[in-house]
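Dumped query15.pdb below, it's PDB, C-alpha atoms and all ligand atoms:
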```pdb
ATOM      1  CA  MET A1475      25.532  -5.626   4.359
ATOM      2  CA  LYS A1476      26.637  -8.920   2.804
ATOM      3  CA  ASN A1477      23.910 -11.092   1.281
ATOM      4  CA  VAL A1478      21.280  -8.391   1.865
ATOM      5  CA  ARG A1479      20.116  -5.751  -0.578
ATOM      6  CA  GLN A1480      17.102  -3.630  -1.251
ATOM      7  CA  LEU A1481      15.341  -4.050  -4.579
ATOM      8  CA  VAL A1482      13.173  -1.529  -6.371
ATOM      9  CA  PHE A1483      10.471  -2.867  -8.671
ATOM     10  CA  LYS A1484       8.388  -1.158 -11.313
ATOM     11  CA  ASP A1485       5.436   0.762  -9.918
ATOM     12  CA  ILE A1486       2.976   1.057 -12.776
ATOM     13  CA  THR A1487       0.597   3.759 -11.727
ATOM     14  CA  ASP A1488      -2.522   5.106 -13.366
ATOM     15  CA  LEU A1489      -5.903   6.358 -12.264
ATOM     16  CA  LYS A1490      -6.890   2.762 -11.469
ATOM     17  CA  GLY A1491      -4.107   2.339  -8.912
ATOM     18  CA  HIS A1492      -0.684   0.681  -8.705
ATOM     19  CA  LEU A1493       0.594  -2.520 -10.296
ATOM     20  CA  THR A1494       3.978  -4.070  -9.548
ATOM     21  CA  PRO A1495       5.264  -6.992 -11.629
ATOM     22  CA  VAL A1496       7.978  -9.217 -10.137
ATOM     23  CA  GLU A1497       9.618 -11.662 -12.530
ATOM     24  CA  ALA A1498      12.000 -14.497 -11.678
ATOM     25  CA  ARG A1499      15.612 -13.929 -12.773
ATOM     26  CA  LYS A1500      14.729 -10.404 -13.850
ATOM     27  CA  ASP A1501      13.409  -8.563 -10.815
ATOM     28  CA  VAL A1502      14.609 -11.152  -8.298
ATOM     29  CA  PRO A1503      17.943 -12.965  -8.786
ATOM     30  CA  PHE A1504      16.629 -16.553  -8.689
ATOM     31  CA  ASP A1505      13.920 -18.884  -9.946
ATOM     32  CA  ILE A1506      10.947 -18.721  -7.621
ATOM     33  CA  LYS A1507      10.019 -22.171  -6.300
ATOM     34  CA  ARG A1508       7.788 -21.112  -3.435
ATOM     35  CA  VAL A1509       5.659 -18.186  -2.332
ATOM     36  CA  TYR A1510       4.280 -17.693   1.152
ATOM     37  CA  TYR A1511       2.750 -14.775   2.972
ATOM     38  CA  ILE A1512       2.470 -13.646   6.542
ATOM     39  CA  THR A1513      -0.708 -11.857   7.533
ATOM     40  CA  ARG A1514      -2.774 -11.073  10.640
ATOM     41  CA  VAL A1515       0.237 -10.941  12.942
ATOM     42  CA  ALA A1516      -0.799  -9.941  16.445
ATOM     43  CA  LYS A1517       0.402  -6.575  17.737
ATOM     44  CA  GLY A1518       3.850  -6.795  19.308
ATOM     45  CA  GLU A1519       4.607 -10.223  17.824
ATOM     46  CA  ARG A1520       8.099 -10.883  16.543
ATOM     47  CA  ARG A1521       8.820 -13.662  14.050
ATOM     48  CA  GLY A1522      11.794 -15.186  12.301
ATOM     49  CA  PHE A1523      14.713 -15.782  14.678
ATOM     50  CA  HIS A1524      16.500 -17.947  12.174
ATOM     51  CA  SER A1525      18.874 -18.070   9.241
ATOM     52  CA  HIS A1526      18.924 -20.297   6.195
ATOM     53  CA  ARG A1527      21.985 -22.134   4.963
ATOM     54  CA  ASN A1528      21.200 -21.962   1.226
ATOM     55  CA  LEU A1529      17.817 -20.354   0.710
ATOM     56  CA  GLN A1530      17.452 -16.988  -0.992
ATOM     57  CA  GLN A1531      14.336 -14.955  -0.372
ATOM     58  CA  VAL A1532      12.775 -11.644  -1.323
ATOM     59  CA  LEU A1533      10.420 -10.041   1.176
ATOM     60  CA  ILE A1534       7.765  -7.635  -0.069
ATOM     61  CA  CYS A1535       5.348  -5.849   2.219
ATOM     62  CA  VAL A1536       2.328  -5.456  -0.075
ATOM     63  CA  SER A1537       0.136  -3.813   2.554
ATOM     64  CA  GLY A1538       0.958  -1.881   5.723
ATOM     65  CA  THR A1539       4.485  -1.824   7.076
ATOM     66  CA  VAL A1540       6.884  -4.181   8.824
ATOM     67  CA  LYS A1541      10.438  -3.908  10.127
ATOM     68  CA  ILE A1542      13.093  -6.485   9.353
ATOM     69  CA  LEU A1543      16.226  -6.945  11.443
ATOM     70  CA  VAL A1544      19.005  -8.539   9.417
ATOM     71  CA  LYS A1545      22.122  -9.599  11.234
ATOM     72  CA  THR A1546      25.435 -11.321  10.558
ATOM     73  CA  PRO A1547      28.460 -11.758  12.845
ATOM     74  CA  TYR A1548      29.776  -8.531  11.292
ATOM     75  CA  GLY A1549      26.864  -6.156  11.774
ATOM     76  CA  GLU A1550      23.148  -5.632  11.834
ATOM     77  CA  GLU A1551      20.559  -3.353  10.293
ATOM     78  CA  VAL A1552      16.841  -2.668  10.594
ATOM     79  CA  ILE A1553      15.009  -2.096   7.320
ATOM     80  CA  LYS A1554      11.436  -0.847   7.243
ATOM     81  CA  LEU A1555       9.357  -2.241   4.396
ATOM     82  CA  ASP A1556       6.646   0.291   3.636
ATOM     83  CA  ASN A1557       6.243   0.180  -0.128
ATOM     84  CA  PRO A1558       4.823  -2.655  -2.278
ATOM     85  CA  ALA A1559       7.235  -1.657  -5.062
ATOM     86  CA  LYS A1560      10.276  -2.393  -2.894
ATOM     87  CA  GLY A1561      11.738  -5.723  -1.880
ATOM     88  CA  LEU A1562      14.373  -6.939   0.511
ATOM     89  CA  TYR A1563      16.673  -9.635  -0.821
ATOM     90  CA  ILE A1564      18.089 -11.888   1.881
ATOM     91  CA  GLY A1565      20.622 -14.479   0.759
ATOM     92  CA  PRO A1566      22.125 -17.382   2.676
ATOM     93  CA  MET A1567      23.444 -17.160   6.229
ATOM     94  CA  VAL A1568      21.699 -13.999   7.376
ATOM     95  CA  TRP A1569      19.838 -14.010  10.690
ATOM     96  CA  ARG A1570      16.440 -12.287  10.415
ATOM     97  CA  GLU A1571      13.675 -11.130  12.708
ATOM     98  CA  MET A1572      10.412  -9.484  11.605
ATOM     99  CA  PHE A1573       8.566  -7.127  13.919
ATOM    100  CA  ASP A1574       6.284  -4.097  14.188
ATOM    101  CA  PHE A1575       3.747  -5.525  11.746
ATOM    102  CA  THR A1576       1.022  -2.914  11.395
ATOM    103  CA  GLU A1577      -2.609  -3.981  11.528
ATOM    104  CA  GLY A1578      -3.711  -5.359   8.165
ATOM    105  CA  SER A1579      -0.139  -5.725   6.935
ATOM    106  CA  ALA A1580       0.787  -8.471   4.494
ATOM    107  CA  LEU A1581       4.324  -9.692   3.952
ATOM    108  CA  VAL A1582       4.815 -11.730   0.783
ATOM    109  CA  VAL A1583       7.948 -13.863   0.541
ATOM    110  CA  LEU A1584       9.402 -15.265  -2.683
ATOM    111  CA  ALA A1585      11.753 -18.176  -2.097
ATOM    112  CA  SER A1586      14.372 -19.886  -4.246
ATOM    113  CA  GLU A1587      13.694 -23.385  -2.854
ATOM    114  CA  HIS A1588      10.884 -25.553  -1.597
ATOM    115  CA  TYR A1589      10.338 -25.686   2.146
ATOM    116  CA  ASP A1590      13.124 -27.603   3.916
ATOM    117  CA  GLU A1591      13.404 -27.540   7.686
ATOM    118  CA  GLU A1592      16.986 -28.862   7.376
ATOM    119  CA  ASP A1593      17.994 -25.574   5.768
ATOM    120  CA  TYR A1594      17.043 -23.592   8.894
ATOM    121  CA  ILE A1595      19.410 -22.579  11.680
ATOM    122  CA  ARG A1596      17.221 -21.593  14.625
ATOM    123  CA  ASP A1597      19.905 -21.418  17.312
ATOM    124  CA  TYR A1598      21.820 -18.115  17.297
ATOM    125  CA  THR A1599      25.037 -19.536  18.765
ATOM    126  CA  LEU A1600      25.126 -22.251  16.102
ATOM    127  CA  TYR A1601      24.242 -19.647  13.457
ATOM    128  CA  GLU A1602      27.149 -17.419  14.442
ATOM    129  CA  LYS A1603      29.604 -20.309  14.321
ATOM    130  CA  GLU A1604      28.437 -21.480  10.881
ATOM    131  CA  ALA A1605      28.185 -17.923   9.551
ATOM    132  CA  ARG A1606      31.791 -17.069  10.438
ATOM    133  CA  ILE A1607      32.956 -20.136   8.497
ATOM    134  CA  TYR A1608      30.593 -19.353   5.589
ATOM    135  CA  PHE A1609      31.646 -15.704   5.251
ATOM    136  CA  THR A1610      35.350 -16.543   5.662
ATOM    137  CA  GLU A1611      35.128 -19.188   2.935
ATOM    138  CA  ASN A1612      33.216 -16.803   0.687
ATOM    139  CA  GLU A1613      35.598 -13.927   1.513
ATOM    140  CA  GLU A1614      32.601 -11.693   1.957
ATOM    141  CA  ASN A1615      33.259 -10.100   5.325
TER     142      ASN A1615
HETATM  143  P1  LIG B   1       8.772 -20.204  10.201
HETATM  144  O1  LIG B   1       9.651 -20.158   9.007
HETATM  145  O2  LIG B   1       9.406 -20.628  11.492
HETATM  146  O3  LIG B   1       8.047 -18.791  10.402
HETATM  147  P2  LIG B   1       8.622 -17.403  10.946
HETATM  148  O4  LIG B   1      10.095 -17.387  10.719
HETATM  149  O5  LIG B   1       7.896 -16.365  10.152
HETATM  150  O6  LIG B   1       8.289 -17.286  12.391
HETATM  151  O7  LIG B   1       7.531 -21.135   9.874
HETATM  152  C1  LIG B   1       6.430 -21.261  10.734
HETATM  153  C2  LIG B   1       5.804 -22.628  10.511
HETATM  154  O8  LIG B   1       5.329 -22.759   9.175
HETATM  155  C3  LIG B   1       6.781 -23.770  10.742
HETATM  156  O9  LIG B   1       6.080 -24.821  11.409
HETATM  157  C4  LIG B   1       7.146 -24.227   9.356
HETATM  158  C5  LIG B   1       5.929 -23.871   8.527
HETATM  159  N1  LIG B   1       6.247 -23.499   7.136
HETATM  160  C6  LIG B   1       5.877 -24.333   6.093
HETATM  161  O10 LIG B   1       5.282 -25.411   6.299
HETATM  162  N2  LIG B   1       6.166 -23.962   4.810
HETATM  163  C7  LIG B   1       6.823 -22.806   4.534
HETATM  164  O11 LIG B   1       7.061 -22.499   3.345
HETATM  165  C8  LIG B   1       7.214 -21.943   5.624
HETATM  166  C9  LIG B   1       7.946 -20.655   5.378
HETATM  167  C10 LIG B   1       6.914 -22.336   6.905
END
```
Would you put the structure from the file into structure tokens?
Amino acid sequence: MKNVRQLVFKDITDLKGHLTPVEARKDVPFDIKRVYYITRVAKGERRGFHSHRNLQQVLICVSGTVKILVKTPYGEEVIKLDNPAKGLYIGPMVWREMFDFTEGSALVVLASEHYDEEDYIRDYTLYEKEARIYFTENEEN
């Protein structure tokens, strides 16, 4: 799927447990300007319902599991994040929804830009219109 890919990080394991390093421009394809995390999501809650115009993000479920729906005008996919050593890269112009957070789950998000509400598209009809133009111009459909 365009502008979406799964990343596999190092999982350094010994008797003490697991350690996963994530370095900017090495393990994720951008400089990290912001980190946020989503925790204590109530059962059955669904989040997201937006796209970003420019922002790139990597989602890492460091505890528990969560499902991510990624969608463009050309297709959609559900990816289950269930491993702290795996990440989901989501580039510009991809609609996303997060759901089925398990109790105690923690979703860490690495972002390429500071928070900017102007970068969000929260209306699906507007998203689809802008996304068709974006993917046509980028010849990525
Ligand atoms: P939002 O991105 O809509 O969350 P989700 O897509 O997971 O449902 O953000 C929820 C609220 O948090 C919204 O009021 C904006 C605010 N927020 C920040 O202030 N800084 C941030 O870095 C993020 C991601 C959100």
Which centre and which edge lengths, in Å to one decimal, describe the axis-aligned box that holds all listed atoms of ligand LIG 1 (chain B) after 3 Å is added on each side, as AutoDock Vina command-line options?
```
--center_x 7.7 --center_y -20.9 --center_z 7.9 --size_x 10.8 --size_y 15.0 --size_z 15.0
```
Residue contacts of segment 1556-1564 of chain A (10 Å, only C-alpha atoms) excluding same-chain residues fewer than 3 positions away, as a ChimeraX atom specification | /A:1476-1486,1492-1496,1501-1503,1525-1526,1529-1542,1544,1553,1567-1570,1579-1585
Do you know which residues are within 6 Å of ligand LIG 1 (chain B) using only C-alpha atoms and all ligand atoms? Can you write them as a list in words?
->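 Protein and nucleic-acid residues within 6 Å of ligand LIG 1 (chain B): Tyr1510, Arg1521, Gly1522 and Tyr1589 of chain A.
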Compile the contact shell of Asp1505 of chain A as number ranges by chain: residues with an atom at most 7 Å away, counting all atoms listed in the file, same-chain residues fewer than 6 positions apart removed.
-> A: 1498-1499, 1586
Of the candidates A:Phe1504, A:Phe1573, A:Tyr1511, A:Tyr1548, which shows the shortest atom-to-atom distance to Ala1605 of chain A, using all atoms listed in the file?
-> A:Tyr1548
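If you look at atom CA of Thr1546 of chain A and atom CA of Arg1606 of chain A, they are 8.6 Å away from each other.
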Enter the distance from atom CA of Gly1565 of chain A to atom CA of Arg1527 of chain A, in Å, rounded to one decimal.
->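 A separation of 8.8 Å between them.
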List, as an NGL selection string, every residue that the PyMOL selection byres (((chain A and resi 1599) around 12) and not hetatm) selects in the file provided.
-> :A and (1523-1525 or 1546-1547 or 1569 or 1595-1598 or 1600-1606)
In Å, rounded to a single decimal, give me how far atom CA of Pro1566 of chain A is from atom CA of Glu1551 of chain A.
->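 Interatomic distance here is 16.0 Å.
Residues in contact with Arg1520 of chain A at up to 9 Å, not including ones fewer than 2 positions away on its chain and judged by all atoms listed in the file, are Val1515, Ala1516, Lys1517, Gly1518, Gly1522, Phe1523, Glu1571, Met1572, Phe1573, Asp1574 and Phe1575 of chain A.
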